[in-house]
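The structure file final.cif is reproduced below (mmCIF, C-alpha atoms).
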```
data_protein
loop_
_atom_site.label_atom_id
_atom_site.label_comp_id
_atom_site.auth_asym_id
_atom_site.auth_seq_id
_atom_site.Cartn_x
_atom_site.Cartn_y
_atom_site.Cartn_z
CA MET K 5 -27.59 -49.86 -0.70
CA ASN K 6 -24.16 -50.61 -2.06
CA LYS K 7 -24.80 -48.33 -5.00
CA ARG K 8 -25.82 -45.49 -2.72
CA VAL K 9 -22.69 -45.85 -0.63
CA SER K 10 -20.47 -45.76 -3.69
CA LEU K 11 -22.35 -42.66 -4.88
CA VAL K 12 -21.60 -40.86 -1.64
CA LEU K 13 -18.01 -42.08 -1.58
CA PHE K 14 -17.48 -40.90 -5.16
CA THR K 15 -18.83 -37.46 -4.34
CA ILE K 16 -16.64 -37.18 -1.25
CA ALA K 17 -13.56 -38.35 -3.15
CA VAL K 18 -14.12 -35.88 -5.99
CA THR K 19 -14.64 -33.06 -3.50
CA VAL K 20 -11.43 -33.83 -1.64
CA VAL K 21 -9.41 -34.20 -4.84
CA PHE K 22 -10.57 -30.84 -6.20
CA ILE K 23 -10.66 -28.83 -2.98
CA ALA K 24 -7.19 -29.87 -1.79
CA PRO K 25 -5.19 -27.98 -4.46
CA ILE K 26 -7.45 -24.94 -4.08
CA SER K 27 -6.90 -24.83 -0.31
CA PHE K 28 -3.20 -25.26 -0.87
CA ALA K 29 -3.13 -22.37 -3.37
CA TYR K 30 -5.10 -20.23 -0.94
CA LEU K 31 -2.69 -20.88 1.92
CA LEU K 32 0.28 -20.33 -0.38
CA THR K 33 -0.93 -16.91 -1.55
CA ARG K 34 -2.32 -15.76 1.79
CA PRO K 35 0.80 -13.82 2.86
CA ILE K 36 0.92 -12.07 -0.56
CA VAL K 37 -2.76 -11.13 -0.30
CA ALA K 38 -2.30 -9.88 3.28
CA LEU K 39 0.68 -7.74 2.21
CA ASN K 40 -1.36 -6.37 -0.72
CA GLU K 41 -4.13 -5.32 1.66
CA GLU K 42 -1.75 -3.78 4.16
CA VAL K 43 0.20 -1.86 1.56
CA TYR K 44 -3.02 -0.74 -0.12
CA LEU K 45 -4.05 1.08 3.07
CA LYS K 46 -0.55 2.44 3.66
CA ARG K 47 -0.27 3.75 0.10
CA ALA K 48 -3.61 5.55 0.47
CA VAL K 49 -2.52 7.20 3.73
CA LEU K 50 0.81 8.31 2.21
CA ALA K 51 -0.89 9.68 -0.91
CA ALA K 52 -3.47 11.54 1.18
CA ALA K 53 -0.65 13.05 3.23
CA GLY K 54 0.74 14.47 -0.01
CA LEU K 55 3.87 12.34 0.07
CA GLU K 56 5.27 10.69 -3.04
CA VAL K 57 4.43 6.98 -2.85
CA PRO K 58 7.26 4.66 -3.95
CA ALA K 59 6.42 2.12 -6.65
CA SER K 60 7.53 -1.01 -4.80
CA ASN K 61 5.46 -2.48 -1.97
CA ALA K 62 8.45 -2.83 0.34
CA ASP K 63 9.53 0.82 -0.11
CA ALA K 64 6.00 2.13 0.44
CA LYS K 65 5.76 0.08 3.64
CA ALA K 66 9.13 1.36 4.88
CA LEU K 67 8.18 4.98 4.21
CA PHE K 68 4.88 4.55 6.04
CA ASP K 69 6.51 2.88 9.03
CA GLY K 70 9.15 5.62 9.24
CA ARG K 71 6.91 8.65 8.89
CA VAL K 72 3.39 7.77 9.94
CA GLU K 73 2.11 7.11 13.44
CA ALA K 74 -1.34 5.65 14.10
CA LEU K 75 -3.03 7.57 16.90
CA PRO K 76 -5.19 5.81 19.47
CA ALA K 77 -8.73 6.09 18.14
CA PRO K 78 -10.92 8.39 20.24
CA ALA K 79 -13.53 6.40 22.14
CA ALA K 80 -16.92 7.14 20.62
CA ALA K 81 -19.84 7.16 23.03
CA THR K 82 -22.46 6.59 20.35
CA GLY K 83 -22.63 6.12 16.62
CA PRO K 84 -20.34 4.11 14.35
CA ALA K 85 -17.05 2.64 15.50
CA PRO K 86 -14.19 5.15 15.47
CA GLU K 87 -11.94 4.99 12.44
CA PRO K 88 -8.15 5.30 12.43
CA VAL K 89 -6.38 8.64 12.58
CA TYR K 90 -2.74 9.01 11.60
CA ARG K 91 -0.11 11.60 12.38
CA VAL K 92 2.40 12.22 9.61
CA ASN K 93 5.85 13.38 10.70
CA ASP K 94 8.40 15.16 8.59
CA ALA K 95 11.95 13.84 8.30
CA SER K 96 12.94 15.38 11.68
CA GLY K 97 10.03 13.81 13.55
CA ALA K 98 7.82 16.88 13.98
CA ALA K 99 4.14 16.64 13.06
CA ALA K 100 3.69 17.72 9.45
CA GLY K 101 0.18 16.55 8.77
CA TRP K 102 -2.79 14.45 9.77
CA VAL K 103 -4.72 11.74 7.97
CA ILE K 104 -8.26 10.73 8.88
CA THR K 105 -10.27 7.85 7.43
CA ARG K 106 -14.03 8.00 7.37
CA THR K 107 -16.78 5.76 5.98
CA GLY K 108 -20.13 7.04 4.81
CA PRO K 109 -22.99 5.87 2.63
CA GLY K 110 -22.62 6.19 -1.16
CA LEU K 111 -25.15 5.28 -3.84
CA TRP K 112 -24.77 1.48 -3.84
CA GLY K 113 -22.62 0.89 -0.79
CA ASP K 114 -20.27 2.50 1.69
CA ILE K 115 -17.49 4.82 0.59
CA THR K 116 -14.34 4.91 2.72
CA ALA K 117 -12.36 8.09 2.23
CA VAL K 118 -8.83 8.85 3.44
CA VAL K 119 -8.42 12.58 3.93
CA GLY K 120 -5.08 14.22 4.61
CA PHE K 121 -4.59 17.62 6.28
CA ALA K 122 -1.60 19.88 6.51
CA ALA K 123 -0.17 20.72 9.96
CA ASP K 124 -2.75 23.51 10.39
CA ARG K 125 -5.54 20.86 10.28
CA GLN K 126 -7.53 22.93 7.79
CA ARG K 127 -5.88 22.75 4.39
CA LEU K 128 -6.29 19.40 2.63
CA SER K 129 -3.08 17.68 1.59
CA GLY K 130 -4.89 14.98 -0.40
CA LEU K 131 -7.86 12.69 -0.76
CA GLU K 132 -7.97 8.97 -1.52
CA PHE K 133 -10.70 6.35 -1.53
CA LEU K 134 -10.11 2.97 0.09
CA LYS K 135 -13.45 1.44 -0.74
CA GLN K 136 -16.28 2.40 -3.05
CA SER K 137 -18.83 0.53 -5.12
CA GLU K 138 -20.28 3.40 -7.15
CA THR K 139 -21.58 3.01 -10.72
CA PRO K 140 -18.63 2.27 -13.06
CA GLY K 141 -18.17 5.10 -15.52
CA LEU K 142 -20.25 7.52 -13.43
CA GLY K 143 -19.87 7.62 -9.65
CA ALA K 144 -16.80 5.40 -9.72
CA ARG K 145 -14.97 8.27 -11.43
CA ILE K 146 -14.34 9.72 -7.95
CA GLY K 147 -11.39 7.33 -8.04
CA GLU K 148 -9.88 9.18 -11.01
CA ARG K 149 -6.88 11.41 -10.47
CA TRP K 150 -8.47 14.70 -11.61
CA PHE K 151 -11.27 14.34 -9.10
CA LYS K 152 -9.02 13.59 -6.12
CA GLU K 153 -6.40 16.17 -7.09
CA GLN K 154 -8.84 19.08 -7.05
CA PHE K 155 -9.09 18.87 -3.23
CA ARG K 156 -5.37 19.31 -2.67
CA GLY K 157 -4.54 22.62 -0.99
CA LYS K 158 -8.17 23.59 -0.50
CA ARG K 159 -10.00 24.39 2.71
CA GLY K 160 -13.41 23.01 3.78
CA PRO K 161 -16.31 22.87 4.37
CA PHE K 162 -16.93 22.23 0.70
CA SER K 163 -19.74 22.87 -1.73
CA THR K 164 -20.08 21.49 -5.26
CA VAL K 165 -20.01 23.17 -8.66
CA GLY K 166 -22.19 21.44 -11.22
CA GLU K 167 -20.82 22.92 -14.42
CA GLY K 168 -17.52 24.59 -15.14
CA GLU K 169 -14.43 25.16 -13.09
CA PRO K 170 -14.61 25.59 -9.32
CA ALA K 171 -13.50 29.14 -8.55
CA LYS K 172 -13.39 29.42 -4.78
CA GLU K 173 -11.14 27.43 -2.50
CA ASN K 174 -14.05 25.64 -0.85
CA GLU K 175 -15.58 24.38 -4.10
CA PHE K 176 -15.07 21.18 -6.04
CA ASP K 177 -16.26 20.00 -9.45
CA ALA K 178 -19.04 17.45 -9.05
CA ILE K 179 -19.40 14.53 -11.49
CA THR K 180 -22.18 15.03 -14.01
CA GLY K 181 -24.67 12.18 -13.82
CA ALA K 182 -23.47 11.14 -10.38
CA THR K 183 -25.26 13.64 -8.15
CA ILE K 184 -25.73 11.25 -5.25
CA THR K 185 -22.11 10.09 -5.26
CA SER K 186 -20.85 13.67 -5.44
CA GLY K 187 -23.10 14.61 -2.54
CA ALA K 188 -21.93 11.59 -0.55
CA VAL K 189 -18.28 12.57 -1.04
CA LYS K 190 -19.10 16.12 0.04
CA ALA K 191 -20.80 14.86 3.21
CA ILE K 192 -17.92 12.54 4.11
CA VAL K 193 -15.20 15.12 3.46
CA ASN K 194 -17.07 17.83 5.36
CA ALA K 195 -17.57 15.50 8.33
CA VAL K 196 -13.83 14.87 8.36
CA VAL K 197 -13.11 18.60 8.06
CA SER K 198 -15.11 19.29 11.19
CA ALA K 199 -13.54 16.31 12.98
CA ALA K 200 -10.04 17.53 12.13
CA GLY K 201 -10.46 20.54 14.44
CA SER K 202 -10.85 18.26 17.45
CA LEU K 203 -7.70 16.18 16.87
CA PRO K 204 -5.57 15.61 20.01
CA LYS K 205 -3.44 18.63 20.78
CA GLU K 206 -0.28 16.88 21.94
CA GLY K 207 2.51 16.64 19.44
CA THR K 208 1.65 19.84 17.64
CA PRO K 209 4.67 21.85 16.61
CA MET I 136 -7.62 -39.66 -23.10
CA SER I 137 -5.35 -40.13 -26.10
CA ASP I 138 -7.04 -43.31 -27.30
CA THR I 139 -10.50 -41.73 -27.37
CA VAL I 140 -9.19 -38.90 -29.46
CA ALA I 141 -7.43 -41.36 -31.74
CA ARG I 142 -10.61 -43.37 -32.15
CA ALA I 143 -12.66 -40.32 -32.97
CA ALA I 144 -10.11 -38.93 -35.36
CA PRO I 145 -10.08 -41.33 -38.36
CA ALA I 146 -13.84 -41.26 -38.96
CA ARG I 147 -14.16 -37.60 -39.94
CA PRO I 148 -10.71 -36.16 -39.45
CA ARG I 149 -11.19 -32.41 -39.11
CA SER I 150 -14.88 -31.72 -39.31
CA LYS I 151 -15.69 -32.59 -35.66
CA ALA I 152 -13.16 -30.22 -34.19
CA HIS I 153 -14.09 -27.73 -36.86
CA ALA I 154 -17.76 -27.96 -35.91
CA ALA I 155 -16.99 -27.85 -32.18
CA PHE I 156 -15.10 -24.63 -32.74
CA PHE I 157 -17.16 -22.72 -35.27
CA ASP I 158 -20.68 -23.67 -34.17
CA ASN I 159 -20.23 -21.77 -30.93
CA LEU I 160 -19.15 -18.64 -32.74
CA GLY I 161 -22.05 -18.57 -35.17
CA LYS I 162 -25.13 -20.74 -35.48
CA ASN I 163 -24.94 -22.04 -31.90
CA ASN I 164 -23.62 -18.87 -30.26
CA PRO I 165 -24.24 -18.94 -26.50
CA VAL I 166 -25.36 -15.32 -26.29
CA PHE I 167 -27.42 -14.49 -29.36
CA VAL I 168 -28.71 -17.97 -30.18
CA GLN I 169 -28.94 -19.77 -26.84
CA ILE I 170 -29.53 -16.49 -24.92
CA LEU I 171 -27.25 -17.59 -22.07
CA GLY I 172 -24.97 -15.51 -19.87
CA ILE I 173 -27.21 -12.47 -20.13
CA CYS I 174 -26.72 -11.42 -16.50
CA SER I 175 -23.03 -10.74 -16.95
CA THR I 176 -23.69 -9.08 -20.30
CA LEU I 177 -25.63 -6.44 -18.39
CA ALA I 178 -23.26 -6.18 -15.45
CA VAL I 179 -19.72 -5.91 -16.82
CA THR I 180 -20.03 -4.31 -20.26
CA ASN I 181 -19.96 -0.63 -19.36
CA VAL I 182 -16.15 -0.49 -19.23
CA VAL I 183 -14.12 -2.44 -21.82
CA ALA I 184 -11.25 -3.30 -19.44
CA ASN I 185 -13.55 -5.16 -17.03
CA THR I 186 -15.20 -6.93 -19.94
CA VAL I 187 -11.85 -8.21 -21.21
CA VAL I 188 -10.93 -9.70 -17.82
CA MET I 189 -14.40 -11.20 -17.51
CA CYS I 190 -14.14 -12.77 -20.99
CA LEU I 191 -10.69 -14.24 -20.30
CA GLY I 192 -12.00 -15.65 -17.03
CA LEU I 193 -14.98 -17.21 -18.78
CA ILE I 194 -12.92 -18.73 -21.61
CA TRP I 195 -10.58 -20.26 -19.03
CA ALA I 196 -13.42 -21.54 -16.83
CA THR I 197 -15.44 -23.04 -19.70
CA ALA I 198 -12.44 -24.68 -21.36
CA MET I 199 -10.96 -26.18 -18.20
CA SER I 200 -14.32 -27.29 -16.76
CA ASN I 201 -15.33 -28.90 -20.04
CA LEU I 202 -11.97 -30.67 -20.19
CA SER I 203 -12.16 -31.94 -16.59
CA VAL I 204 -15.77 -33.10 -16.88
CA SER I 205 -14.92 -34.86 -20.13
CA ILE I 206 -11.96 -36.68 -18.57
CA LEU I 207 -14.14 -37.85 -15.66
CA ARG I 208 -17.27 -38.48 -17.73
CA LYS I 209 -17.01 -42.29 -17.61
CA TRP I 210 -16.84 -42.33 -13.80
CA ILE I 211 -19.34 -39.63 -12.88
CA PRO I 212 -22.61 -41.30 -11.80
CA PRO I 213 -25.52 -39.62 -13.61
CA ARG I 214 -27.34 -38.87 -10.38
CA VAL I 215 -24.61 -36.65 -8.95
CA ARG I 216 -23.32 -35.25 -12.24
CA MET I 217 -24.56 -31.71 -11.58
CA ILE I 218 -22.96 -31.54 -8.14
CA VAL I 219 -19.68 -32.70 -9.61
CA GLU I 220 -19.92 -30.24 -12.51
CA THR I 221 -20.60 -27.34 -10.18
CA LEU I 222 -17.70 -28.37 -7.99
CA ILE I 223 -15.32 -28.56 -10.95
CA ILE I 224 -16.47 -25.19 -12.30
CA ALA I 225 -16.09 -23.57 -8.88
CA VAL I 226 -12.54 -24.88 -8.53
CA TRP I 227 -11.38 -23.41 -11.85
CA VAL I 228 -13.04 -20.07 -11.16
CA ILE I 229 -11.66 -19.79 -7.62
CA ILE I 230 -8.18 -20.39 -9.03
CA VAL I 231 -8.67 -17.26 -11.17
CA ASP I 232 -9.94 -15.34 -8.15
CA ILE I 233 -6.97 -16.36 -5.99
CA ALA I 234 -4.49 -15.48 -8.74
CA LEU I 235 -6.06 -12.04 -9.27
CA ARG I 236 -6.07 -11.31 -5.53
CA ALA I 237 -2.42 -12.19 -5.16
CA TRP I 238 -0.89 -10.75 -8.32
CA LEU I 239 -3.36 -8.25 -9.77
CA PRO I 240 -4.99 -6.76 -6.65
CA ASP I 241 -6.20 -3.62 -8.43
CA ILE I 242 -8.15 -5.54 -11.07
CA SER I 243 -9.45 -7.90 -8.40
CA ARG I 244 -10.75 -4.94 -6.39
CA GLN I 245 -12.43 -3.42 -9.44
CA LEU I 246 -14.20 -6.60 -10.50
CA GLY I 247 -15.30 -7.32 -6.95
CA PRO I 248 -17.75 -10.22 -6.88
CA TYR I 249 -18.03 -10.62 -10.66
CA VAL I 250 -15.18 -13.14 -10.94
CA GLY I 251 -16.82 -15.45 -8.42
CA LEU I 252 -20.08 -15.08 -10.30
CA ILE I 253 -18.55 -16.81 -13.35
CA ILE I 254 -19.43 -20.00 -11.42
CA THR I 255 -23.11 -19.25 -11.92
CA ASN I 256 -22.75 -18.29 -15.59
CA CYS I 257 -25.15 -20.59 -17.39
CA ILE I 258 -22.77 -20.97 -20.35
CA VAL I 259 -20.21 -22.92 -18.31
CA MET I 260 -22.74 -25.34 -16.86
CA GLY I 261 -24.52 -25.55 -20.19
CA ARG I 262 -21.40 -26.61 -22.08
CA THR I 263 -20.34 -29.22 -19.49
CA GLU I 264 -23.86 -30.69 -19.55
CA ALA I 265 -24.38 -30.59 -23.28
CA TYR I 266 -20.88 -31.29 -24.54
CA GLY I 267 -18.30 -32.28 -21.89
CA LEU I 268 -20.36 -35.22 -20.61
CA ALA I 269 -20.71 -36.74 -24.07
CA ASN I 270 -17.47 -35.98 -25.90
CA PRO I 271 -13.74 -36.75 -25.62
CA PRO I 272 -11.49 -34.31 -23.74
CA GLY I 273 -9.73 -32.74 -26.73
CA LEU I 274 -12.98 -31.81 -28.46
CA SER I 275 -14.49 -30.66 -25.17
CA PHE I 276 -11.59 -28.32 -24.58
CA ILE I 277 -12.01 -26.82 -28.07
CA ASP I 278 -15.73 -26.51 -27.48
CA GLY I 279 -15.13 -24.73 -24.18
CA VAL I 280 -12.69 -22.25 -25.69
CA SER I 281 -14.99 -21.45 -28.59
CA ALA I 282 -18.07 -21.09 -26.38
CA GLY I 283 -16.04 -18.58 -24.37
CA LEU I 284 -14.96 -16.80 -27.56
CA GLY I 285 -18.51 -16.70 -28.88
CA TYR I 286 -19.59 -15.06 -25.64
CA SER I 287 -16.60 -12.73 -25.63
CA PHE I 288 -17.01 -11.21 -29.06
CA VAL I 289 -20.65 -10.31 -28.43
CA LEU I 290 -19.78 -8.83 -25.03
CA LEU I 291 -16.86 -6.85 -26.42
CA MET I 292 -19.02 -5.42 -29.20
CA ILE I 293 -21.52 -4.18 -26.63
CA ALA I 294 -18.79 -2.95 -24.28
CA VAL I 295 -17.07 -0.92 -26.99
CA VAL I 296 -20.33 0.84 -27.90
CA ARG I 297 -21.23 1.46 -24.26
CA GLU I 298 -17.87 2.82 -23.15
CA LEU I 299 -17.46 4.92 -26.30
CA MET I 300 -20.89 6.51 -26.09
CA GLY I 301 -21.16 6.53 -22.31
CA SER I 302 -17.77 7.96 -21.41
CA GLY I 303 -16.15 8.93 -24.72
CA THR I 304 -13.23 6.63 -23.92
CA LEU I 305 -11.90 3.20 -24.89
CA LEU I 306 -9.94 1.18 -22.32
CA GLY I 307 -9.82 4.37 -20.27
CA LEU I 308 -8.16 6.42 -23.03
CA ARG I 309 -10.06 9.40 -24.35
CA VAL I 310 -11.13 8.75 -27.95
CA LEU I 311 -13.89 11.25 -28.54
CA GLY I 312 -13.07 14.89 -27.95
CA LYS I 313 -14.56 17.49 -25.64
CA TRP I 314 -17.45 18.01 -28.06
CA TRP I 315 -18.90 14.62 -27.19
CA THR I 316 -21.56 14.71 -24.48
CA PRO I 317 -21.48 11.32 -22.73
CA TRP I 318 -24.75 9.43 -22.70
CA SER I 319 -25.23 8.52 -19.05
CA ILE I 320 -27.77 5.86 -19.99
CA MET I 321 -24.98 3.95 -21.75
CA VAL I 322 -23.09 3.21 -18.54
CA MET I 323 -26.21 2.03 -16.77
CA ALA I 324 -27.72 -1.45 -17.06
CA PRO I 325 -30.75 -0.62 -19.30
CA SER I 326 -28.55 0.29 -22.27
CA ALA I 327 -27.12 -3.23 -22.29
CA PHE I 328 -30.67 -4.52 -22.73
CA PHE I 329 -31.25 -2.27 -25.72
CA LEU I 330 -27.91 -3.04 -27.34
CA LEU I 331 -28.19 -6.77 -26.76
CA ALA I 332 -31.68 -6.76 -28.23
CA ILE I 333 -30.39 -4.88 -31.28
CA VAL I 334 -27.53 -7.37 -31.72
CA ILE I 335 -29.88 -10.35 -31.47
CA TRP I 336 -32.34 -8.73 -33.88
CA VAL I 337 -29.73 -7.88 -36.48
CA VAL I 338 -27.93 -11.22 -36.27
CA ARG I 339 -30.97 -13.47 -36.22
CA GLY I 340 -33.26 -11.41 -38.37
CA LYS I 341 -30.78 -10.43 -41.07
CA ILE I 342 -27.60 -12.47 -41.13
CA MET I 343 -28.89 -15.89 -40.06
CA LYS I 344 -31.95 -15.71 -42.28
CA GLU I 345 -29.77 -15.14 -45.31
CA GLU I 346 -27.62 -18.12 -44.38
CA LYS I 347 -30.67 -20.37 -44.29
CA LYS I 348 -31.62 -19.42 -47.82
#
```
Can you dump the structure from the file as structure tokens?
Amino acid sequence: MNKRVSLVLFTIAVTVVFIAPISFAYLLTRPIVALNEEVYLKRAVLAAAGLEVPASNADAKALFDGRVEALPAPAAATGPAPEPVYRVNDASGAAAGWVITRTGPGLWGDITAVVGFAADRQRLSGLEFLKQSETPGLGARIGERWFKEQFRGKRGPFSTVGEGEPAKENEFDAITGATITSGAVKAIVNAVVSAAGSLPKEGTP
Amino acid sequence: MSDTVARAAPARPRSKAHAAFFDNLGKNNPVFVQILGICSTLAVTNVVANTVVMCLGLIWATAMSNLSVSILRKWIPPRVRMIVETLIIAVWVIIVDIALRAWLPDISRQLGPYVGLIITNCIVMGRTEAYGLANPPGLSFIDGVSAGLGYSFVLLMIAVVRELMGSGTLLGLRVLGKWWTPWSIMVMAPSAFFLLAIVIWVVRGKIMKEEKK
């Protein structure tokens, strides 16, 4: 009996001794982690809007807070929960662009895209990905600069080009070996393109 | 701690540490001799950068866990030793995870759950069971580092081949020119099976056989 009690006590003591510093470290770094997450989203929105994103976290946050306004999400009757929409103002406060986030299925998991539009709500000002778990080296290459940059200034709805350079302004270069991921990105971006037309009218220049 | 090292030292001054270090790199290598840690060999070796972070994490986790278990080895009751080992391993791995989240958020996002999965890497548990529980802290630490290094060099070999042939790049920089057609199979899990099998075959069939003679 006595031996059993000491066994349990030892296990409890060891657990407390090792978990305490870990919990302390977690609490200590929590504000840093929260800021990282917040700025990660804000950087993506700014980049999608075609703005130059400052290197420091504090500057990026200040730019976002000064220029970007989160719109009340439209109430969706059915389907997935509505995702945030942002209005981007120019320096004088007039609407200069729109940013829409949208999540859709990829190959292994959900892809969350952040799509920016110019004031006309048709021409893309940029594309970023908040979340994706595609195959590293194949589908995950949608996160590379060349892939995201090719959408800038183009007009949807998009179709893919398998080989060679996209010629028309509604085409983008798909990733060889990542057909499903490329198709998923096309579906998400095209859904956003059609949603952009129905953005709230108030605040338009 | 210091007196156990001192007691162990005079008998055979350098050979114990020497053996603890070099056995794990060669004749007792965790990957190609003990065939441990195979899951992560398949999962993280298609891009060299991820492999490097994974290897550093594993070296850290094995060394620190082995050291902690060794320090506590005289007090850990045999019946709960595995619970305690798992707890200790988890603590050292979660420290890595917390540090990455706070100061290297981009790498943390890329590695996703793999860092946490170091806890379940059989090499860490295997070394604490086989070595940390029976040896003084200094030697255990050396053993942990070298087990991590033995794992790392095999993984890096595979990762270099996979990234080079699968994407034509190394650490994200383009090495092979436009003429190179990437082998898609190389960035997918099956290629790690083939390459690992080839490594084991070459090392055990050729190199280790010659050593025995």
**Message:** Please find the residues of chain I near chain K - the criterion being any atom within 9 Å, counting all atoms listed in the file - and write them as a PyMOL selection string.
**Reply:** chain I and resi 181-182+210-212+214-215+218-219+222-223+226-227+229-230+233-234+236-238+240+244-245+247+298+301-302+319+322-323
**Request:** Using all atoms listed in the file, collect all residues at a distance of at most 10 Å from (-2.3, 18.9, -1.6) as written in the file, then present them as a PyMOL selection string.
**Result:** chain K and resi 51-55+120-122+127-131+152-158
**Message:** Please compute the atom CA of Val259 of chain I-atom CA of Ile293 of chain I distance, one decimal, in Å.
**Reply:** 20.5 Å
**Prompt:** Which residues, written as an MDAnalysis selection string, have at least one atom at most 12 Å from Ala294 of chain I, with all atoms listed in the file counted and residues fewer than 4 positions away on the same chain left out?
**Reply:** (chainID K and resid 141) or (chainID I and resid 175:187 189:190 287:290 298:302 304:306 321:324 326:327 330:331)
**Request:** Quote the spacing between atom CA of Pro161 of chain K and atom CA of Asn174 of chain K in Å to one decimal place.
**Result:** 6.3 Å
**Request:** Report the distance between atom CA of Val165 of chain K and atom CA of Gly101 of chain K in Å, rounded to one decimal place.
**Result:**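 Going from atom CA of Val165 of chain K over to atom CA of Gly101 of chain K, I get 27.5 Å.
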**Prompt:** Any chance you could work out the residue set of the PyMOL selection byres ((chain K and resi 164) around 7) here, as a PyMOL selection string?
**Reply:** chain K and resi 162-163+165-166+175-178
Selection file, C-alpha atoms, as a tab-separated table (two decimals), keeping the file's coordinate frame:
```tsv
chain	number	residue	atom	x	y	z
K	162	PHE	CA	-16.93	22.23	0.70
K	163	SER	CA	-19.74	22.87	-1.73
K	165	VAL	CA	-20.01	23.17	-8.66
K	166	GLY	CA	-22.19	21.44	-11.22
K	175	GLU	CA	-15.58	24.38	-4.10
K	176	PHE	CA	-15.07	21.18	-6.04
K	177	ASP	CA	-16.26	20.00	-9.45
K	178	ALA	CA	-19.04	17.45	-9.05
```
